[in-house]
>>> print(open('run-v9.txt').read())   # compact mmCIF, C-alpha atoms and all ligand atoms
# COMPACT_ATOMS: atom_id res chain seq x y z
CA MET A 1 28.17 -18.71 -30.01
CA LEU A 2 28.66 -22.37 -30.63
CA ARG A 3 25.66 -23.92 -28.94
CA LEU A 4 23.29 -26.73 -29.79
CA SER A 5 20.81 -24.19 -31.15
CA THR A 6 23.49 -22.90 -33.57
CA ILE A 7 24.19 -26.41 -34.85
CA LEU A 8 20.48 -27.18 -35.22
CA GLU A 9 19.81 -23.90 -36.98
CA LEU A 10 22.72 -24.24 -39.43
CA SER A 11 21.94 -27.89 -40.12
CA PHE A 12 18.32 -27.05 -40.80
CA GLN A 13 19.27 -24.18 -43.11
CA HIS A 14 21.50 -26.51 -45.10
CA ARG A 15 19.15 -29.49 -45.08
CA LYS A 16 19.04 -31.63 -48.20
CA PHE A 17 15.28 -31.91 -48.42
CA LEU A 18 13.72 -28.49 -48.36
CA THR A 19 10.36 -30.11 -47.84
CA ASP A 20 11.39 -31.13 -44.30
CA ASP A 21 9.76 -28.87 -41.75
CA GLN A 22 11.67 -27.61 -38.75
CA TYR A 23 10.02 -29.88 -36.21
CA GLY A 24 10.45 -32.98 -38.37
CA PHE A 25 14.08 -32.14 -38.98
CA VAL A 26 14.93 -31.45 -35.34
CA TYR A 27 13.01 -34.52 -34.25
CA ASP A 28 15.00 -36.77 -36.60
CA PHE A 29 18.25 -35.03 -35.65
CA LEU A 30 17.74 -35.71 -31.94
CA HIS A 31 16.31 -39.14 -32.50
CA GLU A 32 19.32 -40.24 -34.53
CA LEU A 33 21.75 -38.49 -32.20
CA ALA A 34 20.51 -39.87 -28.89
CA GLY A 35 17.28 -41.76 -29.41
CA LEU A 36 15.17 -38.84 -28.21
CA GLU A 37 11.51 -38.42 -29.09
CA PRO A 38 10.94 -34.75 -28.33
CA GLU A 39 7.51 -33.13 -28.31
CA LYS A 40 7.09 -30.22 -30.66
CA PRO A 41 7.38 -27.27 -28.23
CA TYR A 42 10.56 -28.68 -26.78
CA ALA A 43 12.11 -29.27 -30.18
CA ASN A 44 11.22 -25.75 -31.26
CA ASN A 45 12.66 -24.30 -28.09
CA LEU A 46 15.91 -26.19 -28.53
CA ILE A 47 16.46 -24.62 -31.90
CA LYS A 48 15.46 -21.21 -30.51
CA GLY A 49 17.99 -21.62 -27.69
CA VAL A 50 15.52 -21.25 -24.84
CA ARG A 51 15.78 -24.89 -23.74
CA ASP A 52 18.60 -27.30 -23.23
CA LEU A 53 18.99 -31.05 -23.46
CA THR A 54 18.26 -32.80 -20.19
CA ARG A 55 21.20 -33.68 -17.99
CA ASP A 56 20.67 -37.37 -18.57
CA THR A 57 20.85 -36.89 -22.31
CA LYS A 58 24.00 -34.81 -22.08
CA ASP A 59 25.66 -37.37 -19.83
CA TYR A 60 24.70 -40.15 -22.19
CA ILE A 61 26.10 -38.41 -25.25
CA LEU A 62 29.23 -36.99 -23.67
CA THR A 63 30.32 -39.59 -21.15
CA THR A 64 29.15 -43.05 -22.15
CA ASP A 65 30.75 -45.17 -24.84
CA ALA A 66 27.36 -46.08 -26.25
CA GLY A 67 26.46 -42.41 -26.46
CA LYS A 68 29.72 -41.35 -28.05
CA ASN A 69 29.55 -44.14 -30.61
CA LYS A 70 25.97 -43.29 -31.43
CA ALA A 71 26.93 -39.63 -31.92
CA ALA A 72 29.77 -40.59 -34.27
CA ALA A 73 27.46 -42.84 -36.28
CA PHE A 74 24.86 -40.07 -36.34
CA VAL A 75 27.29 -37.60 -37.91
CA ARG A 76 28.49 -40.08 -40.51
CA ASN A 77 25.27 -41.86 -41.40
CA TRP A 78 22.57 -39.30 -40.81
CA LEU A 79 23.78 -35.72 -40.53
CA ILE A 80 26.21 -35.45 -43.43
CA PRO A 81 23.93 -37.37 -45.83
CA ASN A 82 21.09 -35.02 -44.83
CA ILE A 83 22.99 -31.86 -45.69
CA GLN A 84 22.58 -30.52 -49.22
CA PRO A 85 25.79 -31.69 -50.98
CA LEU A 86 26.07 -28.45 -52.95
CA THR A 87 26.28 -26.38 -49.76
CA LEU A 88 28.16 -28.86 -47.59
CA ALA A 89 31.38 -26.80 -47.79
CA ASP A 90 29.41 -23.66 -46.80
CA TYR A 91 27.94 -25.56 -43.89
CA TYR A 92 31.36 -26.52 -42.51
CA GLU A 93 32.71 -23.05 -43.11
CA LYS A 94 29.76 -21.48 -41.24
CA ILE A 95 30.40 -23.67 -38.23
CA ALA A 96 34.13 -22.92 -38.38
CA SER A 97 33.48 -19.19 -38.49
CA VAL A 98 31.11 -19.42 -35.52
CA ILE A 99 33.91 -21.12 -33.60
CA ARG A 100 36.50 -18.53 -34.67
CA SER A 101 34.37 -15.65 -33.47
CA ASP A 102 33.17 -17.28 -30.24
CA GLY A 103 34.98 -15.45 -27.45
CA SER A 104 33.76 -17.92 -24.83
CA ILE A 105 35.84 -20.77 -26.22
CA ALA A 106 39.38 -21.05 -24.81
CA ASP A 107 42.10 -20.61 -27.46
CA ARG A 108 43.46 -24.11 -26.99
CA THR A 109 40.04 -25.66 -27.43
CA LYS A 110 39.37 -23.41 -30.38
CA ASN A 111 42.58 -24.44 -32.11
CA GLY A 112 41.83 -28.08 -31.39
CA LEU A 113 38.40 -27.82 -32.96
CA LEU A 114 39.61 -25.88 -35.98
CA LYS A 115 42.61 -28.11 -36.61
CA SER A 116 40.44 -30.91 -38.03
CA TYR A 117 38.71 -28.35 -40.22
CA ASP A 118 41.98 -26.95 -41.53
CA ASP A 119 43.26 -30.47 -42.11
CA GLY A 120 40.17 -31.26 -44.14
CA LYS A 121 38.92 -33.88 -41.68
CA TYR A 122 35.38 -32.62 -41.87
CA GLU A 123 33.56 -35.52 -40.33
CA ALA A 124 35.77 -35.37 -37.23
CA PHE A 125 35.43 -31.60 -37.17
CA LEU A 126 31.65 -31.83 -37.25
CA LEU A 127 31.52 -34.46 -34.53
CA LYS A 128 33.85 -32.51 -32.22
CA SER A 129 31.94 -29.30 -32.80
CA ILE A 130 28.64 -30.96 -32.00
CA LEU A 131 29.94 -32.60 -28.84
CA TYR A 132 31.45 -29.32 -27.74
CA ALA A 133 28.20 -27.49 -28.47
CA ILE A 134 26.27 -30.04 -26.42
CA SER A 135 28.66 -29.63 -23.52
CA LYS A 136 27.89 -25.92 -23.45
CA GLU A 137 24.65 -24.50 -22.15
CA ASN A 138 22.02 -23.90 -24.76
CA VAL A 139 20.31 -21.11 -22.84
CA GLU A 140 21.50 -17.60 -22.09
CA ASN A 141 21.32 -16.04 -18.65
CA ILE A 142 19.03 -13.10 -18.10
CA THR A 143 20.17 -10.08 -16.11
CA GLU A 144 16.82 -8.34 -16.15
CA ILE A 145 13.48 -10.07 -15.95
CA PRO A 146 11.31 -8.99 -18.88
CA THR A 147 8.03 -7.34 -17.83
CA ASP A 148 5.96 -10.12 -19.34
CA ASP A 149 7.71 -12.68 -17.17
CA MET A 150 7.58 -10.80 -13.91
CA GLU A 151 4.27 -12.01 -12.55
CA PHE A 152 5.33 -15.62 -13.04
CA VAL A 153 8.76 -15.20 -11.52
CA PHE A 154 7.40 -13.27 -8.55
CA GLU A 155 4.41 -15.48 -7.82
CA ALA A 156 6.90 -18.34 -7.60
CA ASP A 157 8.98 -16.21 -5.24
CA LYS A 158 11.95 -16.54 -7.61
CA LYS A 159 12.06 -20.27 -6.99
CA CYS A 160 11.35 -23.21 -9.24
CA SER A 161 7.71 -24.26 -8.88
CA LEU A 162 8.71 -27.91 -8.99
CA CYS A 163 12.03 -28.44 -7.24
CA GLY A 164 12.18 -25.20 -5.27
CA LYS A 165 15.64 -24.25 -6.53
CA SER A 166 16.44 -20.53 -6.59
CA LEU A 167 16.12 -18.95 -10.03
CA ILE A 168 18.97 -16.58 -9.27
CA LEU A 169 22.30 -17.93 -10.41
CA PRO A 170 24.72 -18.41 -7.53
CA LYS A 171 28.05 -16.63 -7.47
CA ALA A 172 27.39 -14.48 -10.50
CA LYS A 173 28.89 -11.00 -10.35
CA LYS A 174 25.69 -9.43 -11.56
CA THR A 175 22.30 -10.75 -10.52
CA MET A 176 21.49 -13.29 -13.17
CA TYR A 177 18.38 -15.33 -13.59
CA ARG A 178 17.87 -18.68 -15.11
CA TYR A 179 14.30 -19.80 -15.49
CA SER A 180 11.70 -20.87 -17.96
CA ILE A 181 8.05 -20.11 -18.15
CA VAL A 182 6.29 -23.21 -19.36
CA GLU A 183 2.77 -24.03 -20.34
CA ILE A 184 1.15 -26.19 -17.68
CA PHE A 185 -1.04 -27.91 -20.24
CA PRO A 186 1.47 -27.93 -23.10
CA GLU A 187 0.28 -26.95 -26.52
CA MET A 188 0.93 -29.25 -29.44
CA LEU A 189 0.98 -32.48 -27.48
CA SER A 190 0.43 -35.67 -29.39
CA SER A 191 -3.25 -36.50 -29.47
CA SER A 192 -2.90 -39.52 -27.19
CA LYS A 193 -1.09 -37.46 -24.58
CA LYS A 194 -3.55 -34.64 -24.95
CA SER A 195 -6.52 -36.86 -24.14
CA GLU A 196 -4.59 -38.36 -21.24
CA PHE A 197 -3.96 -34.88 -19.83
CA ALA A 198 -7.54 -33.82 -20.45
CA THR A 199 -8.73 -36.44 -17.98
CA ILE A 200 -6.93 -34.46 -15.26
CA SER A 201 -7.72 -30.94 -16.34
CA ARG A 202 -9.55 -29.44 -19.27
CA GLU A 203 -7.55 -28.35 -22.28
CA PRO A 204 -7.17 -24.57 -22.05
CA ALA A 205 -8.94 -22.40 -24.60
CA ASP A 206 -5.90 -20.13 -24.61
CA TYR A 207 -2.59 -21.84 -23.95
CA LEU A 208 -0.82 -18.56 -23.36
CA HIS A 209 -3.30 -17.43 -20.72
CA ARG A 210 -1.59 -16.60 -17.44
CA SER A 211 -3.49 -19.35 -15.66
CA ASN A 212 -1.77 -21.90 -17.92
CA ARG A 213 1.77 -20.62 -17.41
CA ILE A 214 4.17 -21.23 -14.59
CA CYS A 215 7.81 -20.54 -13.81
CA LEU A 216 10.33 -23.38 -13.44
CA CYS A 217 14.07 -23.70 -13.27
CA ASP A 218 15.50 -24.61 -16.64
CA VAL A 219 16.33 -28.17 -15.63
CA CYS A 220 12.75 -28.95 -14.60
CA ALA A 221 11.44 -27.05 -17.63
CA ASP A 222 13.63 -29.05 -20.01
CA GLU A 223 12.46 -32.29 -18.48
CA TYR A 224 8.80 -31.36 -18.46
CA GLU A 225 8.78 -30.07 -22.00
CA TYR A 226 10.79 -33.00 -23.29
CA ASN A 227 8.53 -35.47 -21.60
CA PRO A 228 5.41 -34.01 -20.00
CA THR A 229 4.04 -36.58 -17.56
CA LYS A 230 0.67 -36.70 -15.86
CA GLU A 231 2.35 -36.69 -12.45
CA VAL A 232 4.21 -33.45 -13.08
CA PHE A 233 1.17 -31.97 -14.81
CA ARG A 234 -0.86 -32.61 -11.67
CA LYS A 235 1.84 -31.05 -9.49
CA LEU A 236 1.96 -27.94 -11.65
CA ILE A 237 -1.80 -27.54 -11.51
CA ASP A 238 -1.73 -27.78 -7.72
CA LYS A 239 1.09 -25.27 -7.49
CA LYS A 240 -0.65 -22.80 -9.77
CA ASP A 241 -3.86 -23.14 -7.75
CA TYR A 242 -1.85 -22.38 -4.67
CA TYR A 243 -0.34 -19.26 -6.26
CA MET A 244 -3.75 -18.02 -7.36
CA GLU A 245 -5.25 -18.55 -3.92
CA LYS A 246 -2.35 -16.75 -2.32
CA GLU A 247 -2.79 -13.87 -4.72
CA ASN A 248 -6.50 -13.60 -4.00
CA ALA A 249 -5.88 -13.75 -0.28
CA SER A 250 -3.21 -11.07 -0.39
CA SER A 251 -5.27 -8.73 -2.51
CA ALA A 252 -8.19 -9.22 -0.11
CA LEU A 253 -5.82 -8.44 2.74
CA ALA A 254 -4.50 -5.35 0.97
CA LYS A 255 -8.08 -4.23 0.40
CA ALA A 256 -8.94 -4.70 4.07
CA LYS A 257 -5.87 -2.70 5.10
CA LEU A 258 -6.77 0.08 2.75
CA ASP A 259 -10.35 0.13 4.07
CA GLU A 260 -8.93 0.58 7.51
CA GLU A 261 -6.62 3.39 6.47
CA VAL A 262 -9.35 5.23 4.61
CA GLY A 263 -11.59 4.93 7.67
CA GLU A 264 -8.84 6.20 9.93
CA ILE A 265 -8.12 9.26 7.82
CA LEU A 266 -11.80 10.06 7.51
CA SER A 267 -12.34 9.92 11.23
CA ARG A 268 -9.34 12.15 11.83
CA LEU A 269 -9.99 14.75 9.16
CA ARG A 270 -11.52 17.06 11.71
CA GLU A 271 -8.11 17.37 13.34
CA ILE A 272 -7.05 19.47 10.39
CA LYS A 273 -7.38 22.96 11.68
CA SER A 274 -6.58 25.27 8.88
CA PHE A 275 -6.65 24.77 5.17
CA ASP A 276 -4.97 28.10 4.56
CA GLU A 277 -1.54 26.54 4.65
CA LEU A 278 -2.35 24.20 1.83
CA ALA A 279 -2.19 26.87 -0.82
CA ASP A 280 0.73 28.60 0.82
CA PHE A 281 3.78 27.76 -1.22
CA ARG A 282 6.21 29.05 1.33
CA LYS A 283 5.23 26.34 3.77
CA ILE A 284 5.42 23.25 1.60
CA PRO A 285 8.04 22.70 -1.06
CA LEU A 286 6.65 21.86 -4.45
CA GLU A 287 7.21 18.31 -5.51
CA LEU A 288 6.27 18.43 -9.10
CA LYS A 289 7.82 15.18 -10.11
CA GLU A 290 6.34 12.49 -7.99
CA LYS A 291 6.95 8.95 -9.11
CA ILE A 292 3.29 8.51 -9.70
CA ASP A 293 3.37 10.98 -12.58
CA ASN A 294 5.02 8.53 -14.88
CA ASN A 295 3.13 5.56 -13.69
CA GLU A 296 0.06 5.01 -15.79
CA THR A 297 -0.70 1.67 -14.17
CA LEU A 298 -0.73 3.13 -10.70
CA ARG A 299 -2.81 6.01 -11.93
CA GLN A 300 -5.35 3.58 -13.30
CA THR A 301 -5.32 1.60 -10.07
CA ILE A 302 -6.02 4.70 -8.09
CA LYS A 303 -8.75 5.74 -10.45
CA SER A 304 -10.48 2.44 -9.95
CA ASP A 305 -9.83 2.61 -6.19
CA VAL A 306 -11.59 5.94 -6.08
CA GLU A 307 -14.47 4.60 -8.12
CA GLY A 308 -14.58 1.52 -5.97
CA TYR A 309 -14.55 3.58 -2.76
CA TYR A 310 -17.33 5.93 -3.64
CA ASN A 311 -20.01 4.05 -1.74
CA TYR A 312 -17.71 3.06 1.07
CA ILE A 313 -16.72 6.64 1.82
CA ARG A 314 -20.28 7.83 1.62
CA HIS A 315 -21.28 5.14 4.07
CA GLU A 316 -18.42 5.92 6.47
CA LEU A 317 -19.23 9.57 6.38
CA SER A 318 -22.86 8.98 7.19
CA LEU A 319 -21.77 6.99 10.26
CA LEU A 320 -19.60 9.80 11.56
CA ASP A 321 -21.62 12.03 13.84
CA ASP A 322 -21.74 15.43 12.34
CA CYS A 323 -21.10 14.48 8.76
CA GLY A 324 -23.63 17.01 7.70
CA SER A 325 -22.07 20.33 8.44
CA GLU A 326 -18.49 19.62 9.37
CA PHE A 327 -17.62 17.37 6.48
CA LYS A 328 -19.34 19.66 4.11
CA ILE A 329 -16.93 22.37 5.21
CA ILE A 330 -13.92 20.09 4.98
CA ALA A 331 -14.95 18.97 1.52
CA SER A 332 -15.43 22.49 0.33
CA GLN A 333 -12.05 23.42 1.78
CA PHE A 334 -10.46 20.68 -0.29
CA GLN A 335 -12.25 21.91 -3.31
CA ILE A 336 -11.29 25.51 -2.75
CA SER A 337 -7.66 24.53 -2.26
CA TYR A 338 -7.81 22.51 -5.42
CA GLU A 339 -9.27 25.42 -7.38
CA LYS A 340 -6.64 27.76 -5.98
CA LEU A 341 -3.79 25.47 -6.95
CA LYS A 342 -5.10 24.70 -10.41
CA PRO A 343 -4.04 27.87 -12.24
CA ILE A 344 -0.62 27.79 -10.60
CA ILE A 345 0.36 24.16 -10.92
CA GLY A 346 -1.66 23.11 -13.91
CA ASP A 347 -1.12 19.39 -13.74
CA GLN A 348 -3.91 17.66 -11.87
CA GLU A 349 -1.61 14.90 -10.77
CA ASP A 350 0.74 17.37 -9.13
CA ILE A 351 -2.03 19.16 -7.34
CA TYR A 352 -3.29 15.90 -5.99
CA ASN A 353 0.12 14.91 -4.77
CA ARG A 354 0.51 18.21 -3.06
CA ILE A 355 -2.82 17.91 -1.29
CA ILE A 356 -2.19 14.29 -0.35
CA ASN A 357 1.23 15.06 1.13
CA TRP A 358 -0.28 17.91 3.00
CA VAL A 359 -2.99 15.70 4.52
CA LEU A 360 -0.37 13.17 5.55
CA ASP A 361 1.75 15.91 7.11
CA GLU A 362 -1.18 17.42 8.96
CA LEU A 363 -2.26 14.07 10.38
CA LYS A 364 1.33 12.93 10.92
CA LEU A 365 0.78 9.78 8.93
CA PRO A 366 3.54 7.77 7.22
CA PRO A 367 3.76 7.61 3.40
CA LYS A 368 2.07 4.21 3.29
CA TYR A 369 -1.18 6.04 3.90
CA SER A 370 -0.87 7.95 0.66
CA THR A 371 -3.17 5.68 -1.32
CA ALA A 372 -5.86 6.01 1.33
CA ALA A 373 -5.32 9.76 1.47
CA ARG A 374 -5.52 9.96 -2.28
CA ILE A 375 -8.82 8.12 -2.35
CA ILE A 376 -10.26 10.59 0.11
CA VAL A 377 -8.83 13.65 -1.59
CA SER A 378 -10.13 12.48 -4.94
CA PHE A 379 -13.48 11.79 -3.43
CA PHE A 380 -13.75 15.21 -1.88
CA VAL A 381 -12.52 17.06 -4.89
CA GLN A 382 -14.62 15.17 -7.35
CA ASN A 383 -17.77 14.57 -5.39
CA CYS A 384 -18.34 17.66 -3.36
CA GLU A 385 -22.00 17.85 -4.20
CA VAL A 386 -22.38 14.52 -2.43
CA PHE A 387 -22.27 16.35 0.88
CA ASP A 388 -25.37 18.24 0.10
CA GLU A 389 -27.09 14.92 -0.29
CA ILE A 390 -25.68 13.42 2.91
CA SER A 391 -26.54 16.41 5.03
CA LYS A 392 -30.15 16.29 3.96
ZN ZN A 401 13.36 -27.04 -10.82
>>> encode(input="run-v9.txt", output="structure tokens")
Amino acid sequence: MLRLSTILELSFQHRKFLTDDQYGFVYDFLHELAGLEPEKPYANNLIKGVRDLTRDTKDYILTTDAGKNKAAAFVRNWLIPNIQPLTLADYYEKIASVIRSDGSIADRTKNGLLKSYDDGKYEAFLLKSILYAISKENVENITEIPTDDMEFVFEADKKCSLCGKSLILPKAKKTMYRYSIVEIFPEMLSSSKKSEFATISREPADYLHRSNRICLCDVCADEYEYNPTKEVFRKLIDKKDYYMEKENASSALAKAKLDEEVGEILSRLREIKSFDELADFRKIPLELKEKIDNNETLRQTIKSDVEGYYNYIRHELSLLDDCGSEFKIIASQFQISYEKLKPIIGDQEDIYNRIINWVLDELKLPPKYSTAARIIVSFFVQNCEVFDEISK
């Protein structure tokens, strides 16, 4: 695709001075083209095609006379002289072939661009190609959010953390996202800017740590990375603090809910009359493939829940009146059922699911109680000897 990143990449590959590094080259390119002074991460992201020029810059280059003249002078006086003369013809041909194979360019436009090339008017061809590339978006839309990005997109509620704009593209046939995850304290700032930022918040030890990353719409991200200001930096810190607080509050709330559900199931366990049905396959259909089977994360969560609930359940049980004898029986019933199912079903996960579903059925509880039920089942199955202790 003919985009700014393509032009930058090809120009860099064909640069005259091989000693130029990528950042230096892109910096000079953009400085000569439009007077920009991009920071390193932004320049690198432009060439990678994950950032775009700011709207102001595009407007300047594409719509003002000063901008158009500057672009023309840039091609003539800077770009062409900075391409290796021996590969200059290759360079033009590469750009022409990108245009030929770019299905997103309308035929008329395509022919217009290629006409100058075919006529041997290379300078005009290069200028037109660059202006066209700048008019296009330099970033691709995403139809599926990569796993690594999810927490940032979701904590921001799929909205830009600065301007609040939705990160879902409007009117797209498929759901498409457009966002950027930026570093709040950007890495590779100039040293003066770095010390300026450090007066507001300490430089992070790890720039890629989740606490230093936040999700923005691409417009805000382009602007912030091109020119990170203290004002925006402060806003991003506040927003991230807000997200973290919200997350802590909601996990505390989830924990409290779960406590309540575990307590409720425990207090109602005595309502279960007969455990005989549990091992009776005619009564309950086997559900060997529960979602949870393929979910290692959830499995781990539950494991830690069970570990975390050990003392809580013990405490709750000791508060319930006749924990001694009655719960000892219930616990041993769970364990017997478990032992009975083991040779038949084999997979521990499946047995658990079967027992959990059975408890929910018996107590007529909705599926949202399954985590609480699981904690209790795991506790009973794994810690039966505990009841001997409690009853003493
Ligand atoms: Zn925004």
>>> residues_near_ligand(input="run-v9.txt", ligand="ligand ZN 401 (chain A)", cutoff="8 Å", atoms="all atoms listed in the file", output="PyMOL selection string")
chain A and resi 159-165+216-221
>>> atom_distance(input="run-v9.txt", atom1="atom CA of A:Ile61", atom2="atom CA of A:Pro186")
26.9 Å
>>> atom_distance(input="run-v9.txt", atom1="atom CA of A:Tyr352", atom2="atom CA of A:Val377")
7.4 Å
>>> closest_residue(input="run-v9.txt", among="A:Asn69, A:Ser190, A:Gln335, A:Thr6", to="A:Glu137", atoms="all atoms listed in the file")
A:Thr6
>>> atom_distance(input="run-v9.txt", atom1="atom CA of A:Gly112", atom2="atom CA of A:Tyr92")
15.4 Å
>>> residues_around(input="run-v9.txt", residues="A:Tyr312", least_positions_apart="3", cutoff="12 Å", atoms="all atoms listed in the file", output="list in words")
Leu258, Asp259, Glu260, Val262, Gly263, Leu266, Asp305, Val306, Glu307, Gly308, Tyr309, His315, Glu316, Leu317, Ser318, Leu319, Ile375, Ile376 and Phe379 of chain A
>>> residues_around(input="run-v9.txt", residues="A:Asp90", least_positions_apart="3", cutoff="12 Å", atoms="only C-alpha atoms", output="mmCIF file with C-alpha atoms, keeping the file's coordinate frame")
data_model
loop_
_atom_site.group_PDB
_atom_site.id
_atom_site.type_symbol
_atom_site.label_atom_id
_atom_site.label_comp_id
_atom_site.auth_asym_id
_atom_site.auth_seq_id
_atom_site.Cartn_x
_atom_site.Cartn_y
_atom_site.Cartn_z
ATOM 1 C CA LEU A 10 22.720 -24.240 -39.430
ATOM 2 C CA SER A 11 21.940 -27.890 -40.120
ATOM 3 C CA GLN A 13 19.270 -24.180 -43.110
ATOM 4 C CA HIS A 14 21.500 -26.510 -45.100
ATOM 5 C CA ARG A 15 19.150 -29.490 -45.080
ATOM 6 C CA ILE A 83 22.990 -31.860 -45.690
ATOM 7 C CA GLN A 84 22.580 -30.520 -49.220
ATOM 8 C CA PRO A 85 25.790 -31.690 -50.980
ATOM 9 C CA LEU A 86 26.070 -28.450 -52.950
ATOM 10 C CA THR A 87 26.280 -26.380 -49.760
ATOM 11 C CA GLU A 93 32.710 -23.050 -43.110
ATOM 12 C CA LYS A 94 29.760 -21.480 -41.240
ATOM 13 C CA ILE A 95 30.400 -23.670 -38.230
ATOM 14 C CA ALA A 96 34.130 -22.920 -38.380
ATOM 15 C CA SER A 97 33.480 -19.190 -38.490
ATOM 16 C CA TYR A 122 35.380 -32.620 -41.870
#
>>> closest_residue(input="run-v9.txt", among="A:Glu155, A:Asp148, A:Glu264, A:Asp20", to="A:Ile214", atoms="only C-alpha atoms")
A:Glu155
>>> closest_residue(input="run-v9.txt", among="A:Leu189, A:Thr175, A:Pro366, A:Ile181", to="A:Leu208", atoms="all atoms listed in the file")
A:Ile181
>>> closest_residue(input="run-v9.txt", among="A:Leu2, A:Thr54, A:Tyr369, A:Arg210", to="A:Ser104", atoms="all atoms listed in the file")
A:Leu2
>>> closest_residue(input="run-v9.txt", among="A:Met188, A:Ile99, A:Ala249, A:Ala198", to="A:Glu39", atoms="all atoms listed in the file")
A:Met188
>>> closest_residue(input="run-v9.txt", among="A:Gln22, A:Asn248, A:Thr229, A:Ser129", to="A:Ala72", atoms="all atoms listed in the file")
A:Ser129
>>> residues_around(input="run-v9.txt", residues="A:Leu169", least_positions_apart="6", cutoff="10 Å", atoms="all atoms listed in the file", output="PyMOL selection string")
chain A and resi 141-143+175-179
